[in-house]
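Heads up, the thing below is written out as structure tokens.
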Amino acid sequence: MALGERIKSQRLAHGLTQQALARQIGVKRVTIATYERGQVVPSLTVVRRLAAVFAMSIEDLVEDPERDATD
């Protein structure tokens, strides 16, 4: 699963809209959409904020367990 898909999955699992997540991390809603579509990779600062909102480690957010299982 790509990072954008994980961001969307976590956002939905936490019951957040794109707008609500954007407000929490200090970006625009359209920015969340571009992350989720994989058009833009979030900066490390944003990844830290996302991980905090989702109550998970940065590693758990950015690492792809499916890819790691095939290596």
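Each chain in the structure tokens gets a letter, A, B and so on, in the order shown; residues start at 1 in every chain, and ligands are counted from 1 in the order they appear.
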DSSP on the backbone: what in segment 3-69 of chain A comes out helix (DSSP H, G or I), as an NGL selection string?
-> :A and (3-13 or 18-25 or 29-36 or 44-53 or 58-62 or 65-69)
So which residues touch Ala51 of chain A within 10 Å, counting only C-alpha atoms, skipping near sequence neighbours fewer than 3 positions away, as a PyMOL selection string?
-> chain A and resi 7+10+46-48+54-62
Shell around Gly26 of chain A at 12 Å using only C-alpha atoms, local window under 3 positions removed, as a ChimeraX atom specification | /A:18-23,29-32,45-47,49-50,53
Record the distance separating atom CA of Lys28 of chain A and atom CA of Asp64 of chain A, expressed in Å with one decimal.
-> 25.6 Å
